[in-house]
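**Q** Can you keep this structure in mind? I'll have questions shortly.
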Amino acid sequence: MNFSESFKLSGLLCRFSPDGKYLASCVQYRLVIRDGKTLQILQLYTCLDQIQHIEWSADSLFILCAMYRRGLVQVWSLEQPEWHCKIDEGSAGLVASCWSPDGRHILNTTEFHLRITVWSLCTKSVSYIKYPKACQQGITFTRDGRYLALAERRDCKDYVSIFVCSDWQLLRYKILLYSLDGRLLSAYCAYEWSLGIKSVAWSPSSQFLAIGSYDGKVRLLNHVTWKMITEFGHPATINNPKTVVYKEAEKIPQLGLGHLSFPPPRSMAGALSTSESKYEISSGPVALQTLKPVADRANPRMGVGMLAFSSDSYFLATRNDNVPNAVWVWDIQKLKLFVVLEHLSPVRSFQWDPQQPRLAICTGGSKVYLWSPAGCVSVQVPGEGDFPVLGLCWHLSGDSLALLSKDHFCLCFLETRRGLAQPVDNGTAMPRT
């Protein structure tokens, strides 16, 4: 496992382009475009104010930079560096900005969610969509880019409306699960409780819908009947002896891996010591660290707040807010708990490798954690001083992983199936049962 040197970063704004050729990062008001493999600077753009959001177009030819405080969006071209576009929302303000799937339209949400403005880069036309609901993940597109689903708030009621992306006109709206012709497929409620559903994730195969709830459970629905297949709980104690529980443990640091070079060979990353922590396999029953929600405080931090399917839809990773240090990995084929990874600090983020079932985890410390069915490993990020990993970003190929800190980022180059090894913990493999 090799690491690059660290580079300056602001606002955790570091993104690989969809085709994997480029890596964009922001330093205050500057946008830096690097080669996705060599990290050589290809383009340097200067924006009108500090950048608060960046997003690549689907074809990797354009990148937008949003400056919410100024109500501005600037768009830059990778093929024609001298070309750029500025969108000023004026007094309407700006709270969100994103690309349409065709990479030629930008959707800006104004302040107070009064409307969404659709700007065309090709025709310079403008369209408006009213009544967007003020919520996270309130807008999404179909994979083919033909339709837009939008959460709306009309007449004090919530709706999901379907728009045709060719002309941004309303097709039909229905509530909850629906078909594109407007047929209501199913209405599912996990349980009768006002807090309801906290997180939702589709499997890449589109066969399963995972629903995380405030009661600390995940319900799995199938795509044929929209009925619940199974229910996954997150108990404080793991009693099943067949479930492997990895616990992070302190480890005395020692020099072991020597100097690792950053590709190409002329760029050196410096010395890397073995991690100062390691995973140990615990025998059951295993008690996990839990938090008791504060009952007298509004919106208590509890429930399943993080869900993610592996790229092959074989595994589902979850985190229950009541057990913040643990990541649960479920075997979707056998519908059972496969492994639990418990860390010394609360889990901030996890992401699956786009090409294989390999999970990267960060906890806000100077380590990155990797799990695969072959095993798991904890690795210290090298370099002078502390490098708290606050975010993760995989390259499309799965060959590298961007580690994001508050003021810096670096790349971690990993072995793949074409390489020599998979993540293991001191040579201890974990066979599938």
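How things are named: the first chain in the structure tokens is A, the next is B, and so on; residues count from 1 in each chain; ligands count from 1 in the order shown.
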Check range 194-229 of chain A with DSSP on the backbone and list each residue it calls strand (DSSP E or B), as a list in words.

**A**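 Residues meeting the strand (DSSP E or B) criterion: Ile197, Lys198, Ser199, Val200, Ala201, Trp202, Phe208, Leu209, Ala210, Ile211, Gly212, Ser213, Val218, Arg219, Leu220, Leu221, Asn222, Met228 and Ile229 of chain A.
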
**Q** For Lys133 in chain A, list every protein, DNA or RNA residue within 6 Å, evaluated using only C-alpha atoms, and leave out those in the same chain fewer than 2 positions away; present the list as number ranges by chain.

**A** A: 135, 151-153

**Q** For range 52-68 of chain A, list every protein, DNA or RNA residue within 6 Å, evaluated using only C-alpha atoms, and leave out those in the same chain fewer than 2 positions away; present the list as a PyMOL selection string.

**A** chain A and resi 17-18+70-78+94-95+103

**Q** Include all heavy atoms and write out the residues we just selected as a short mmCIF file (atom, residue, chain, number, x, y, z; two decimals), in the first residue's frame.

**A**
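Contents of the output file selection_18.cif:
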```
data_model
loop_
_atom_site.label_atom_id
_atom_site.label_comp_id
_atom_site.auth_asym_id
_atom_site.auth_seq_id
_atom_site.Cartn_x
_atom_site.Cartn_y
_atom_site.Cartn_z
N SER A 17 -12.89 12.54 -11.29
CA SER A 17 -13.83 12.65 -12.40
C SER A 17 -14.46 11.28 -12.65
O SER A 17 -13.86 10.25 -12.34
CB SER A 17 -13.13 13.16 -13.66
OG SER A 17 -12.11 12.25 -14.06
N PRO A 18 -15.68 11.23 -13.21
CA PRO A 18 -16.34 9.95 -13.43
C PRO A 18 -15.54 8.96 -14.28
O PRO A 18 -15.64 7.75 -14.08
CB PRO A 18 -17.64 10.35 -14.14
CG PRO A 18 -17.93 11.72 -13.64
CD PRO A 18 -16.57 12.36 -13.51
N ARG A 70 -22.33 33.79 -2.27
CA ARG A 70 -22.45 34.82 -3.32
C ARG A 70 -23.57 34.53 -4.30
O ARG A 70 -23.86 35.36 -5.18
CB ARG A 70 -21.12 34.93 -4.08
CG ARG A 70 -19.98 35.54 -3.28
CD ARG A 70 -20.00 37.05 -3.34
NE ARG A 70 -19.83 37.53 -4.70
CZ ARG A 70 -18.66 37.80 -5.27
NH1 ARG A 70 -17.54 37.62 -4.57
NH2 ARG A 70 -18.58 38.27 -6.49
N GLY A 71 -24.21 33.36 -4.18
CA GLY A 71 -25.25 32.99 -5.13
C GLY A 71 -24.72 32.75 -6.52
O GLY A 71 -25.43 32.96 -7.52
N LEU A 72 -23.47 32.26 -6.62
CA LEU A 72 -22.80 32.11 -7.91
C LEU A 72 -22.44 30.65 -8.18
O LEU A 72 -22.14 29.88 -7.27
CB LEU A 72 -21.51 32.93 -7.94
CG LEU A 72 -21.61 34.46 -7.95
CD1 LEU A 72 -20.22 35.06 -7.87
CD2 LEU A 72 -22.32 34.94 -9.21
N VAL A 73 -22.46 30.30 -9.47
CA VAL A 73 -21.92 29.04 -9.96
C VAL A 73 -21.03 29.35 -11.14
O VAL A 73 -21.43 30.07 -12.06
CB VAL A 73 -23.04 28.07 -10.39
CG1 VAL A 73 -22.44 26.83 -11.06
CG2 VAL A 73 -23.89 27.64 -9.19
N GLN A 74 -19.81 28.83 -11.11
CA GLN A 74 -18.90 28.95 -12.25
C GLN A 74 -18.62 27.57 -12.82
O GLN A 74 -18.42 26.61 -12.07
CB GLN A 74 -17.60 29.64 -11.84
CG GLN A 74 -17.77 31.13 -11.58
CD GLN A 74 -16.45 31.82 -11.30
OE1 GLN A 74 -16.05 31.97 -10.16
NE2 GLN A 74 -15.77 32.26 -12.36
N VAL A 75 -18.63 27.47 -14.14
CA VAL A 75 -18.43 26.20 -14.83
C VAL A 75 -17.16 26.31 -15.68
O VAL A 75 -16.97 27.29 -16.40
CB VAL A 75 -19.64 25.86 -15.73
CG1 VAL A 75 -19.47 24.47 -16.33
CG2 VAL A 75 -20.94 25.93 -14.93
N TRP A 76 -16.32 25.26 -15.61
CA TRP A 76 -15.07 25.25 -16.34
C TRP A 76 -15.02 24.05 -17.26
O TRP A 76 -15.56 22.99 -16.96
CB TRP A 76 -13.89 25.20 -15.37
CG TRP A 76 -13.92 26.27 -14.33
CD1 TRP A 76 -14.41 26.17 -13.06
CD2 TRP A 76 -13.46 27.62 -14.47
NE1 TRP A 76 -14.29 27.36 -12.39
CE2 TRP A 76 -13.70 28.28 -13.23
CE3 TRP A 76 -12.87 28.34 -15.50
CZ2 TRP A 76 -13.38 29.61 -13.01
CZ3 TRP A 76 -12.54 29.68 -15.28
CH2 TRP A 76 -12.79 30.30 -14.05
N SER A 77 -14.36 24.23 -18.40
CA SER A 77 -14.24 23.18 -19.41
C SER A 77 -12.85 22.58 -19.36
O SER A 77 -11.85 23.30 -19.29
CB SER A 77 -14.51 23.75 -20.81
OG SER A 77 -14.16 22.81 -21.81
N LEU A 78 -12.77 21.24 -19.40
CA LEU A 78 -11.47 20.57 -19.42
C LEU A 78 -10.88 20.56 -20.83
O LEU A 78 -9.66 20.56 -21.00
CB LEU A 78 -11.60 19.14 -18.90
CG LEU A 78 -11.47 18.94 -17.38
CD1 LEU A 78 -10.06 19.28 -16.94
CD2 LEU A 78 -12.48 19.74 -16.60
N LEU A 94 -28.76 31.04 -3.35
CA LEU A 94 -28.40 29.69 -3.80
C LEU A 94 -28.09 28.81 -2.59
O LEU A 94 -27.32 29.21 -1.71
CB LEU A 94 -27.18 29.76 -4.72
CG LEU A 94 -26.67 28.46 -5.33
CD1 LEU A 94 -27.67 27.90 -6.32
CD2 LEU A 94 -25.32 28.68 -6.01
N VAL A 95 -28.68 27.62 -2.54
CA VAL A 95 -28.40 26.69 -1.44
C VAL A 95 -27.93 25.33 -1.95
O VAL A 95 -27.40 24.53 -1.17
CB VAL A 95 -29.64 26.50 -0.54
CG1 VAL A 95 -30.01 27.80 0.15
CG2 VAL A 95 -30.83 25.93 -1.33
N GLY A 103 -25.06 16.28 -18.52
CA GLY A 103 -23.88 17.12 -18.37
C GLY A 103 -23.96 18.45 -19.08
O GLY A 103 -22.94 19.12 -19.27
#
```

**Q** Could you list, as a ChimeraX atom specification, every residue within 10 Å of Ser6 in chain A, counting only C-alpha atoms and ignoring same-chain residues fewer than 6 positions away?

**A** /A:269,382-384,387,403-405,407-411

**Q** Generate a file of the selected residues that holds N, CA and C atoms, formatted as a PDB file, in the first residue's frame.

**A**
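Writing the result to result36.pdb gives the following:
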```
ATOM      1  N   ALA A 269       7.376   8.981  -1.379  1.00  0.00           N
ATOM      2  CA  ALA A 269       6.376   9.325  -0.372  1.00  0.00           C
ATOM      3  C   ALA A 269       6.950   9.309   1.035  1.00  0.00           C
ATOM      4  N   PRO A 382       1.080   7.916   6.527  1.00  0.00           N
ATOM      5  CA  PRO A 382       2.433   8.404   6.817  1.00  0.00           C
ATOM      6  C   PRO A 382       2.539   9.907   6.664  1.00  0.00           C
ATOM      7  N   GLY A 383       3.663  10.442   7.120  1.00  0.00           N
ATOM      8  CA  GLY A 383       3.919  11.865   6.966  1.00  0.00           C
ATOM      9  C   GLY A 383       4.185  12.524   8.306  1.00  0.00           C
ATOM     10  N   GLU A 384       4.656  13.755   8.249  1.00  0.00           N
ATOM     11  CA  GLU A 384       4.941  14.502   9.456  1.00  0.00           C
ATOM     12  C   GLU A 384       3.656  15.080  10.033  1.00  0.00           C
ATOM     13  N   PHE A 387      -2.603  13.477  10.541  1.00  0.00           N
ATOM     14  CA  PHE A 387      -3.416  13.593   9.332  1.00  0.00           C
ATOM     15  C   PHE A 387      -4.777  12.956   9.632  1.00  0.00           C
ATOM     16  N   LEU A 403      -7.782  10.291   0.523  1.00  0.00           N
ATOM     17  CA  LEU A 403      -8.023  10.481   1.951  1.00  0.00           C
ATOM     18  C   LEU A 403      -8.078  11.981   2.213  1.00  0.00           C
ATOM     19  N   LEU A 404      -9.205  12.452   2.770  1.00  0.00           N
ATOM     20  CA  LEU A 404      -9.438  13.882   2.910  1.00  0.00           C
ATOM     21  C   LEU A 404      -9.329  14.301   4.366  1.00  0.00           C
ATOM     22  N   SER A 405      -8.499  15.309   4.611  1.00  0.00           N
ATOM     23  CA  SER A 405      -8.378  15.913   5.926  1.00  0.00           C
ATOM     24  C   SER A 405      -8.937  17.328   5.854  1.00  0.00           C
ATOM     25  N   ASP A 407      -7.363  20.246   6.014  1.00  0.00           N
ATOM     26  CA  ASP A 407      -6.567  21.184   5.224  1.00  0.00           C
ATOM     27  C   ASP A 407      -5.731  20.517   4.143  1.00  0.00           C
ATOM     28  N   HIS A 408      -5.750  19.175   4.060  1.00  0.00           N
ATOM     29  CA  HIS A 408      -4.913  18.469   3.111  1.00  0.00           C
ATOM     30  C   HIS A 408      -5.622  17.220   2.588  1.00  0.00           C
ATOM     31  N   PHE A 409      -5.073  16.669   1.516  1.00  0.00           N
ATOM     32  CA  PHE A 409      -5.522  15.353   1.048  1.00  0.00           C
ATOM     33  C   PHE A 409      -4.312  14.612   0.508  1.00  0.00           C
ATOM     34  N   CYS A 410      -4.415  13.300   0.468  1.00  0.00           N
ATOM     35  CA  CYS A 410      -3.381  12.480  -0.150  1.00  0.00           C
ATOM     36  C   CYS A 410      -4.046  11.279  -0.796  1.00  0.00           C
ATOM     37  N   LEU A 411      -3.315  10.595  -1.651  1.00  0.00           N
ATOM     38  CA  LEU A 411      -3.828   9.402  -2.318  1.00  0.00           C
ATOM     39  C   LEU A 411      -3.186   8.158  -1.725  1.00  0.00           C
TER      40      LEU A 411
END
```

**Q** Which residues come within 9 Å of range 197-200 of chain A, counting only C-alpha atoms, excluding same-chain residues fewer than 2 positions away, as a ChimeraX atom specification?

**A** /A:189-190,195,202,209-214,303-308

**Q** Please, could you write that set of residues out with C-alpha atoms as an mmCIF file, in the first residue's frame?

**A**
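Result went into again_23.cif, see below:
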```
data_model
loop_
_atom_site.group_PDB
_atom_site.id
_atom_site.type_symbol
_atom_site.label_atom_id
_atom_site.label_comp_id
_atom_site.auth_asym_id
_atom_site.auth_seq_id
_atom_site.Cartn_x
_atom_site.Cartn_y
_atom_site.Cartn_z
ATOM 1 C CA CYS A 189 -44.229 1.957 6.764
ATOM 2 C CA ALA A 190 -41.620 0.345 8.998
ATOM 3 C CA LEU A 195 -39.812 9.698 13.503
ATOM 4 C CA TRP A 202 -30.832 0.962 -3.389
ATOM 5 C CA LEU A 209 -34.189 -1.494 -1.140
ATOM 6 C CA ALA A 210 -32.653 -1.088 2.325
ATOM 7 C CA ILE A 211 -34.487 1.152 4.784
ATOM 8 C CA GLY A 212 -32.769 2.323 7.969
ATOM 9 C CA SER A 213 -35.056 3.401 10.774
ATOM 10 C CA TYR A 214 -34.854 5.253 14.052
ATOM 11 C CA GLY A 303 -31.121 4.985 14.476
ATOM 12 C CA VAL A 304 -29.461 3.654 11.332
ATOM 13 C CA GLY A 305 -27.922 6.743 9.769
ATOM 14 C CA MET A 306 -25.539 5.170 7.242
ATOM 15 C CA LEU A 307 -26.271 2.501 4.587
ATOM 16 C CA ALA A 308 -24.254 1.344 1.584
#
```

**Q** Might you pull out every residue within 8 Å of Phe208 in chain A, with only C-alpha atoms counted and same-chain residues fewer than 4 positions away left off, and present them as a list in words?

**A**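 My list of contacting residues is Trp202, Ser203, Leu220, Leu221, Asn222 and His223 of chain A.
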
**Q** Contacts between range 162-169 of chain A and range 28-140 of chain A, please, where a residue of range 28-140 of chain A counts if it comes within 12 Å (with only C-alpha atoms); show its shortest atom pair and distance in Å to one decimal, rows by chain and ascending number, as JSON lines.

**A**
```
{"residue": "A:Trp99", "atom": "CA", "partner": "A:Cys165", "partner_atom": "CA", "distance": 11.8}
{"residue": "A:Ser100", "atom": "CA", "partner": "A:Cys165", "partner_atom": "CA", "distance": 8.2}
{"residue": "A:Pro101", "atom": "CA", "partner": "A:Cys165", "partner_atom": "CA", "distance": 9.0}
{"residue": "A:Asp102", "atom": "CA", "partner": "A:Cys165", "partner_atom": "CA", "distance": 9.2}
{"residue": "A:Gly103", "atom": "CA", "partner": "A:Cys165", "partner_atom": "CA", "distance": 11.8}
{"residue": "A:Arg104", "atom": "CA", "partner": "A:Cys165", "partner_atom": "CA", "distance": 11.3}
{"residue": "A:His105", "atom": "CA", "partner": "A:Cys165", "partner_atom": "CA", "distance": 9.6}
{"residue": "A:Ile106", "atom": "CA", "partner": "A:Cys165", "partner_atom": "CA", "distance": 11.6}
{"residue": "A:Leu107", "atom": "CA", "partner": "A:Trp168", "partner_atom": "CA", "distance": 10.8}
{"residue": "A:Ile116", "atom": "CA", "partner": "A:Trp168", "partner_atom": "CA", "distance": 10.9}
{"residue": "A:Thr117", "atom": "CA", "partner": "A:Trp168", "partner_atom": "CA", "distance": 10.4}
{"residue": "A:Val118", "atom": "CA", "partner": "A:Trp168", "partner_atom": "CA", "distance": 8.3}
{"residue": "A:Trp119", "atom": "CA", "partner": "A:Trp168", "partner_atom": "CA", "distance": 11.0}
{"residue": "A:Ser120", "atom": "CA", "partner": "A:Asp167", "partner_atom": "CA", "distance": 10.9}
{"residue": "A:Ser125", "atom": "CA", "partner": "A:Asp167", "partner_atom": "CA", "distance": 10.9}
{"residue": "A:Val126", "atom": "CA", "partner": "A:Trp168", "partner_atom": "CA", "distance": 10.2}
{"residue": "A:Ser127", "atom": "CA", "partner": "A:Trp168", "partner_atom": "CA", "distance": 7.2}
{"residue": "A:Tyr128", "atom": "CA", "partner": "A:Trp168", "partner_atom": "CA", "distance": 8.2}
{"residue": "A:Ile129", "atom": "CA", "partner": "A:Trp168", "partner_atom": "CA", "distance": 7.9}
{"residue": "A:Lys130", "atom": "CA", "partner": "A:Gln169", "partner_atom": "CA", "distance": 11.1}
{"residue": "A:Ile139", "atom": "CA", "partner": "A:Ile162", "partner_atom": "CA", "distance": 10.1}
{"residue": "A:Thr140", "atom": "CA", "partner": "A:Ile162", "partner_atom": "CA", "distance": 9.9}
```

**Q** Taking only C-alpha atoms into account, name the residue in A:Val27, A:Leu170, A:Glu5, A:Gln289 that is nearest to Ala149 in chain A.

**A**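 That would be A:Leu170, the residue with the smallest distance to Ala149 in chain A.
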
**Q** Would you work out the distance separating CA of Lys8 in chain A from CA of Gln40 in chain A, expressed in Å to one decimal?

**A**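 Going from CA of Lys8 in chain A over to CA of Gln40 in chain A covers 14.0 Å.
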
**Q** Residues of range 277-321 of chain A that have any atom at most 12 Å from an atom of range 340-352 of chain A: could you tabulate them with the shortest-distance atom pair and the distance in Å to one decimal, using only C-alpha atoms, ordered by chain and increasing number, as a tab-separated table?

**A**
```
residue	atom	partner	partner_atom	distance
A:Ser277	CA	A:Leu344	CA	9.2
A:Lys278	CA	A:His343	CA	9.7
A:Tyr279	CA	A:Leu341	CA	8.4
A:Glu280	CA	A:Leu341	CA	9.7
A:Ile281	CA	A:Leu341	CA	9.5
A:Ser282	CA	A:Val340	CA	10.1
A:Ser283	CA	A:Val340	CA	11.9
A:Gly284	CA	A:Val340	CA	11.8
A:Val286	CA	A:Val340	CA	10.2
A:Ala287	CA	A:Glu342	CA	10.3
A:Leu288	CA	A:Glu342	CA	7.5
A:Gln289	CA	A:Glu342	CA	8.4
A:Thr290	CA	A:Pro346	CA	10.5
A:Leu291	CA	A:Pro346	CA	10.8
A:Gly305	CA	A:Ser349	CA	10.7
A:Met306	CA	A:Ser349	CA	8.3
A:Leu307	CA	A:Phe350	CA	9.1
A:Ala308	CA	A:Gln351	CA	7.3
A:Phe309	CA	A:Trp352	CA	7.5
A:Ser310	CA	A:Trp352	CA	5.6
A:Ser311	CA	A:Trp352	CA	7.0
A:Asp312	CA	A:Trp352	CA	10.1
A:Ser313	CA	A:Trp352	CA	10.6
A:Tyr314	CA	A:Trp352	CA	11.6
A:Phe315	CA	A:Trp352	CA	9.8
A:Leu316	CA	A:Trp352	CA	9.7
A:Ala317	CA	A:Phe350	CA	8.4
A:Thr318	CA	A:Phe350	CA	9.1
A:Arg319	CA	A:Val347	CA	8.0
A:Asn320	CA	A:Val347	CA	10.0
A:Asp321	CA	A:Pro346	CA	9.1
```

**Q** Go through A:Pro81, A:Gly365, A:Pro324, A:Pro132 one by one, measure the shortest atom-to-atom distance of each to Gln380 in chain A using only C-alpha atoms, and give the residue with the smallest value.

**A** A:Gly365

**Q** Would you compute the distance between CA of Val389 in chain A and CA of His234 in chain A? Give it in Å to one decimal.

**A**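 Between CA of Val389 in chain A and CA of His234 in chain A the gap works out to 25.8 Å.
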
**Q** Between CA of Asp386 in chain A and CA of Leu414 in chain A, what is the distance, to one decimal in Å?

**A**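 It comes out at 21.4 Å.
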